[in-house]
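As provided, model03.txt (compact mmCIF, C-alpha atoms) reads as follows.
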```
# COMPACT_ATOMS: atom_id res chain seq x y z
CA MET B 116 4.92 -10.55 38.06
CA SER B 117 1.67 -8.96 37.01
CA LYS B 118 1.16 -7.72 33.43
CA LYS B 119 -0.36 -4.33 32.91
CA GLY B 120 -2.47 -3.77 29.78
CA PHE B 121 -3.89 -0.64 28.16
CA THR B 122 -6.50 1.24 30.05
CA LEU B 123 -9.80 2.10 28.40
CA THR B 124 -8.72 5.72 28.14
CA GLU B 125 -5.49 4.79 26.37
CA LEU B 126 -7.39 2.57 23.91
CA LEU B 127 -9.81 5.36 23.13
CA VAL B 128 -6.92 7.76 22.53
CA VAL B 129 -5.25 5.28 20.16
CA ILE B 130 -8.51 4.69 18.29
CA ALA B 131 -9.05 8.44 18.02
CA ILE B 132 -5.53 8.94 16.61
CA ILE B 133 -6.05 6.12 14.09
CA GLY B 134 -9.34 7.73 13.10
CA ILE B 135 -7.70 11.11 12.55
CA ILE B 136 -4.89 9.59 10.48
CA THR B 137 -7.42 7.63 8.39
CA ALA B 138 -9.56 10.73 7.83
CA ILE B 139 -6.52 12.57 6.52
CA ALA B 140 -4.88 9.75 4.57
CA VAL B 141 -7.83 8.14 2.78
CA PRO B 142 -8.99 11.28 0.88
CA SER B 143 -5.38 11.99 -0.07
CA ILE B 144 -4.94 8.47 -1.42
CA LEU B 145 -8.23 8.70 -3.32
CA THR B 146 -7.19 12.04 -4.81
CA ILE B 147 -3.83 10.64 -5.87
CA ASN B 148 -5.51 7.62 -7.48
CA LYS B 149 -8.00 9.86 -9.26
CA ASN B 150 -5.22 12.07 -10.62
CA ILE B 151 -3.28 9.03 -11.80
CA ASN B 152 -6.36 7.62 -13.54
CA ASN B 153 -7.10 10.97 -15.17
CA ARG B 154 -3.55 11.14 -16.48
CA LEU B 155 -3.77 7.57 -17.78
CA TYR B 156 -7.08 8.41 -19.46
CA THR B 157 -5.52 11.42 -21.21
CA GLU B 158 -2.66 9.23 -22.41
CA THR B 159 -5.11 6.59 -23.64
CA VAL B 160 -7.11 9.17 -25.61
CA SER B 161 -3.87 10.43 -27.16
CA GLN B 162 -2.95 6.87 -28.18
CA ILE B 163 -6.38 6.42 -29.76
CA GLU B 164 -6.08 9.64 -31.75
CA ASN B 165 -2.56 8.80 -32.95
CA ALA B 166 -3.73 5.33 -33.98
CA ALA B 167 -6.67 6.84 -35.88
CA GLU B 168 -4.40 9.19 -37.83
CA LEU B 169 -2.17 6.29 -38.84
CA TYR B 170 -5.26 4.28 -39.78
CA ALA B 171 -6.44 7.12 -42.03
CA SER B 172 -3.09 7.45 -43.77
CA ASN B 173 -3.16 3.72 -44.59
CA ASN B 174 -6.85 3.68 -45.53
CA PRO B 175 -7.59 6.93 -47.41
CA ASP B 176 -10.67 5.40 -49.03
CA ILE B 177 -12.59 5.82 -45.74
CA PHE B 178 -13.18 9.47 -46.67
CA ASN B 179 -15.09 8.57 -49.85
CA GLY B 180 -14.82 12.05 -51.33
CA VAL B 181 -15.44 14.02 -48.13
CA THR B 182 -13.00 15.55 -45.67
CA GLU B 183 -14.11 13.84 -42.46
CA ALA B 184 -14.61 10.23 -41.43
CA LYS B 185 -15.47 8.24 -38.33
CA VAL B 186 -13.68 5.18 -36.96
CA TYR B 187 -14.43 3.18 -33.83
CA VAL B 188 -11.92 2.01 -31.24
CA TYR B 189 -12.69 -1.66 -31.86
CA GLU B 190 -11.85 -1.16 -35.55
CA LEU B 191 -8.46 0.28 -34.60
CA ILE B 192 -7.84 -2.75 -32.38
CA ASN B 193 -8.92 -5.16 -35.11
CA GLY B 194 -6.53 -3.49 -37.54
CA ASN B 195 -3.64 -3.73 -35.06
CA TYR B 196 -3.37 0.04 -34.85
CA LEU B 197 -4.18 -0.08 -31.16
CA LYS B 198 -3.45 -2.63 -28.44
CA GLY B 199 -6.18 -3.85 -26.14
CA ASP B 200 -5.51 -4.47 -22.47
CA ALA B 201 -8.18 -7.10 -21.81
CA THR B 202 -10.24 -9.70 -23.63
CA CYS B 203 -13.78 -8.84 -24.71
CA ASN B 204 -16.42 -11.49 -25.18
CA GLY B 205 -19.78 -10.44 -26.51
CA ASP B 206 -21.28 -7.43 -28.24
CA VAL B 207 -20.02 -3.86 -28.52
CA GLU B 208 -22.52 -1.02 -28.26
CA LEU B 209 -21.50 1.96 -30.38
CA SER B 210 -21.63 5.01 -28.11
CA ASP B 211 -23.12 7.42 -30.64
CA THR B 212 -25.69 5.29 -32.47
CA LYS B 213 -26.34 2.60 -29.81
CA VAL B 214 -26.02 0.00 -32.57
CA ILE B 215 -24.85 -3.41 -31.34
CA VAL B 216 -21.84 -4.91 -33.12
CA LYS B 217 -20.76 -8.54 -32.73
CA TYR B 218 -17.20 -8.61 -31.46
CA GLU B 219 -14.76 -11.05 -29.97
CA GLY B 220 -11.26 -9.82 -29.33
CA LYS B 221 -9.24 -7.40 -27.29
CA CYS B 222 -10.74 -4.63 -25.19
CA LEU B 223 -9.36 -1.21 -24.39
CA THR B 224 -10.61 -0.22 -20.96
CA ASN B 225 -11.13 3.26 -19.57
CA PRO B 226 -8.59 3.79 -16.74
CA LYS B 227 -11.13 5.87 -14.81
CA ASP B 228 -14.04 3.41 -14.62
CA LYS B 229 -12.57 0.18 -16.08
CA ILE B 230 -15.34 0.08 -18.71
CA SER B 231 -14.59 -0.93 -22.31
CA MET B 232 -13.90 1.93 -24.73
CA ASN B 233 -14.35 -0.26 -27.81
CA GLY B 234 -17.63 1.40 -28.76
CA GLU B 235 -16.21 4.93 -28.61
CA TYR B 236 -15.36 6.71 -31.85
CA VAL B 237 -12.84 9.11 -33.35
CA ILE B 238 -13.52 11.78 -35.98
CA ILE B 239 -10.66 12.03 -38.46
CA LYS B 240 -10.30 15.19 -40.51
CA LYS B 241 -8.38 15.17 -43.78
CA LEU B 242 -6.07 18.18 -43.91
CA THR B 243 -4.04 19.63 -46.75
CA THR B 244 -1.07 17.71 -45.36
CA GLY B 245 -1.82 14.78 -43.10
CA TYR B 246 -4.76 14.06 -40.81
CA ASN B 247 -6.14 15.25 -37.51
CA ALA B 248 -8.09 12.92 -35.21
CA LYS B 249 -10.42 14.02 -32.41
CA PHE B 250 -11.71 11.51 -29.86
CA GLN B 251 -15.51 11.77 -29.64
CA GLY B 252 -15.40 14.67 -32.06
CA GLU B 253 -18.23 15.91 -34.25
CA ILE B 254 -18.69 15.61 -37.98
CA LYS B 255 -20.02 18.81 -39.44
CA SER B 256 -22.43 18.53 -42.34
CA GLU B 257 -21.57 20.33 -45.56
CA THR B 258 -24.38 22.80 -44.80
CA THR B 259 -22.94 23.57 -41.38
CA LEU B 260 -19.46 24.01 -42.84
CA VAL B 261 -20.72 26.48 -45.43
CA LYS B 262 -22.65 28.46 -42.79
CA ASP B 263 -19.58 28.60 -40.56
CA LEU B 264 -17.43 29.78 -43.44
CA VAL B 265 -19.88 32.50 -44.53
CA GLN B 266 -20.21 33.66 -40.91
CA THR B 267 -16.42 33.89 -40.61
CA VAL B 268 -16.21 35.97 -43.79
CA CYS B 269 -19.08 38.22 -42.68
CA GLU B 270 -17.37 38.85 -39.35
CA LYS B 271 -14.29 40.03 -41.27
CA PHE B 272 -16.46 42.50 -43.23
CA GLU B 273 -18.12 43.70 -40.01
CA SER B 274 -14.77 44.31 -38.29
CA GLY B 275 -13.35 46.13 -41.30
CA LYS B 276 -10.68 43.51 -41.93
CA PHE B 277 -12.28 42.90 -45.32
CA VAL B 278 -13.43 45.93 -47.32
CA GLY B 279 -15.90 45.21 -50.09
CA LYS B 280 -17.66 47.45 -52.57
CA THR B 281 -20.87 47.26 -54.55
CA SER B 282 -21.07 47.73 -58.31
CA ASP B 283 -21.68 51.47 -57.79
CA GLY B 284 -18.57 51.84 -55.61
CA LYS B 285 -20.20 52.02 -52.19
CA THR B 286 -18.72 50.05 -49.31
CA CYS B 287 -20.79 47.12 -48.14
CA LYS B 288 -21.06 44.26 -45.68
CA CYS B 289 -23.30 41.36 -44.72
CA GLY B 290 -26.75 42.18 -43.42
CA THR B 291 -28.25 41.34 -40.02
CA ASP B 292 -27.79 37.67 -39.08
CA ASN B 293 -25.72 37.33 -42.26
CA LYS B 294 -28.83 37.69 -44.41
CA GLY B 295 -28.44 39.72 -47.57
CA ILE B 296 -26.00 42.54 -48.29
CA VAL B 297 -26.24 46.15 -47.17
CA ASN B 298 -24.33 49.15 -48.50
CA SER B 299 -22.90 52.13 -46.66
CA ASP B 300 -26.30 53.88 -46.85
CA GLY B 301 -27.89 51.01 -44.96
CA ASN B 302 -29.86 49.84 -47.99
CA THR B 303 -30.33 46.12 -48.58
CA LEU B 304 -29.23 44.99 -52.03
CA GLU B 305 -31.36 42.29 -53.63
CA ASN B 306 -29.32 39.78 -55.60
CA GLY B 307 -26.33 41.99 -54.88
CA ALA B 308 -22.68 41.34 -54.32
CA CYS B 309 -20.06 42.76 -52.01
CA ILE B 310 -16.79 42.38 -53.88
CA ILE B 311 -13.19 42.80 -52.80
CA SER B 312 -11.42 44.08 -55.90
CA GLY B 313 -7.87 43.17 -56.76
CA ASN B 314 -5.43 41.26 -54.60
CA GLU B 315 -5.96 43.16 -51.36
CA LYS B 316 -3.32 42.29 -48.80
CA ASN B 317 -5.83 41.79 -46.00
CA ASN B 318 -8.41 39.59 -47.69
CA TYR B 319 -6.72 36.28 -46.89
CA LEU B 320 -8.46 33.79 -44.64
CA LYS B 321 -7.13 30.55 -43.21
CA TYR B 322 -10.00 28.15 -42.71
CA ASP B 323 -9.87 24.46 -41.85
CA GLY B 324 -6.13 24.39 -42.52
CA VAL B 325 -6.41 25.93 -46.01
CA MET B 326 -5.38 29.48 -46.97
CA PHE B 327 -8.01 31.24 -49.13
CA ARG B 328 -8.17 34.61 -50.85
CA VAL B 329 -11.69 35.95 -50.34
CA LEU B 330 -13.23 37.64 -53.38
CA GLY B 331 -16.48 38.68 -51.74
CA VAL B 332 -19.97 37.58 -50.70
CA TYR B 333 -22.96 37.15 -53.00
CA ASP B 334 -26.71 37.14 -52.36
CA LEU B 335 -28.15 33.97 -53.92
CA GLY B 336 -31.51 35.64 -54.39
CA ASP B 337 -33.38 34.90 -51.17
CA GLY B 338 -31.06 36.67 -48.76
CA THR B 339 -28.86 33.60 -48.39
CA LEU B 340 -25.20 34.48 -48.77
CA SER B 341 -22.43 32.61 -50.48
CA ALA B 342 -18.75 33.37 -50.00
CA LYS B 343 -16.57 33.33 -53.09
CA MET B 344 -12.89 32.55 -52.61
CA ILE B 345 -9.95 30.92 -54.33
CA THR B 346 -6.93 28.95 -53.20
CA ASP B 347 -3.90 27.35 -54.75
CA GLN B 348 -4.19 24.42 -52.36
CA THR B 349 -6.07 21.20 -53.07
CA VAL B 350 -9.44 21.14 -51.31
CA GLU B 351 -11.78 18.13 -51.21
CA ILE B 352 -15.27 19.06 -52.40
CA ASP B 353 -18.22 16.71 -52.05
```

What's the structure tokens form of this structure?
Amino acid sequence: MSKKGFTLTELLVVIAIIGIITAIAVPSILTINKNINNRLYTETVSQIENAAELYASNNPDIFNGVTEAKVYVYELINGNYLKGDATCNGDVELSDTKVIVKYEGKCLTNPKDKISMNGEYVIIKKLTTGYNAKFQGEIKSETTLVKDLVQTVCEKFESGKFVGKTSDGKTCKCGTDNKGIVNSDGNTLENGACIISGNEKNNYLKYDGVMFRVLGVYDLGDGTLSAKMITDQTVEID
């Protein structure tokens, strides 16, 4: 009995079908793997932030009189606030400063590229109640914080949410680019003040987790503005 094999045409058809299936399946598999790794990365970042908040609550001295502090992933692992998933041997390069730190211990690897995350950092912000951690966040300088706060207050004056008056009773607001104070006549007031009198119901501002009552803005003498406000909550001041 003779045995009949595949003809060349049949083989080509089979190869073509396999090629079509591969072309469809491989991208789908890669997409699925990418989505899984992205989800795992998001979960890992969440674990890091939660560990950093616990670290801060147990080590409040890291703030040293300010409201924000930085902690690195390898420090969280060393303190048993975070579990590593591999063993690291050698140095850790801090991602922000590029400083090399001697380290031997566990590694937390990035699910997306399998590279160690030990040199990454978390910014922890001290709130009125508790802490908030942001992976690869940014520490704002005191100068930047003040500028942001003054800008926020000036925007409230510009929108009419806050209504201030000068010493002669004219309405006022911050000048162009938040420089100086101008009254309702458009005149710039040197060393002036735009004051919200009394306990106006609309002059409350929640900033950085703290509720303030804004009293007004003051020209410090060179056009630079300062916002004056009060709160009954405890605020860390450097």

Exercise for the section: Tell me, as a ChimeraX atom specification, which residues lie within 12 Å of Lys229 of chain B, counting only C-alpha atoms; anything in the same chain fewer than 3 positions away does not count. Expected result: /B:152,155-156,200-201,222-226,232-233

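Among the candidate residues B:Ser161, B:Thr182, B:Ser210, B:Asn317, the one lying nearest to Leu197 of chain B is B:Ser161, with distances computed using only C-alpha atoms.
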
Problem - Selection near Ile310 of chain B, 7 Å with all atoms listed in the file, sequence-local residues under 4 positions removed, as a PyMOL selection string - result: chain B and resi 279-281+330-332

Exercise for the section: Determine, counting all atoms listed in the file, which protein, DNA and RNA residues have an atom within 12 Å of an atom of Lys276 of chain B; residues of the same chain fewer than 3 positions away are not included. Present the result as a ChimeraX atom specification. Expected result: /B:267-273,279,288,311,315-320,329

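Look at Thr339 of chain B: the protein and nucleic acid residues within 8 Å of it, using only C-alpha atoms and passing over chain neighbours fewer than 6 places away, are Asn293, Lys294 and Gly295 of chain B.
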
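Nearest to Gly307 of chain B of all the residues B:Tyr189, B:Tyr333, B:Phe277, B:Tyr236 is B:Tyr333, based on only C-alpha atoms.
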
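When atom CA of Asn148 of chain B is paired with atom CA of Gly199 of chain B, their separation reads 21.9 Å.
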
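Atom CA of Ile177 of chain B to atom CA of Lys240 of chain B spans 11.0 Å [interatomic distance, one decimal].
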
Practice task
Name all residues at most 8 Å from Lys185 of chain B (count all atoms listed in the file; drop same-chain ones fewer than 2 positions away) and give them as a PyMOL selection string.
Solution key: chain B and resi 183+187+236-239

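Shortest atom-to-atom contact with Ile151 of chain B among B:Ile345, B:Val297, B:Gly338, B:Lys227: B:Lys227, counting only C-alpha atoms.
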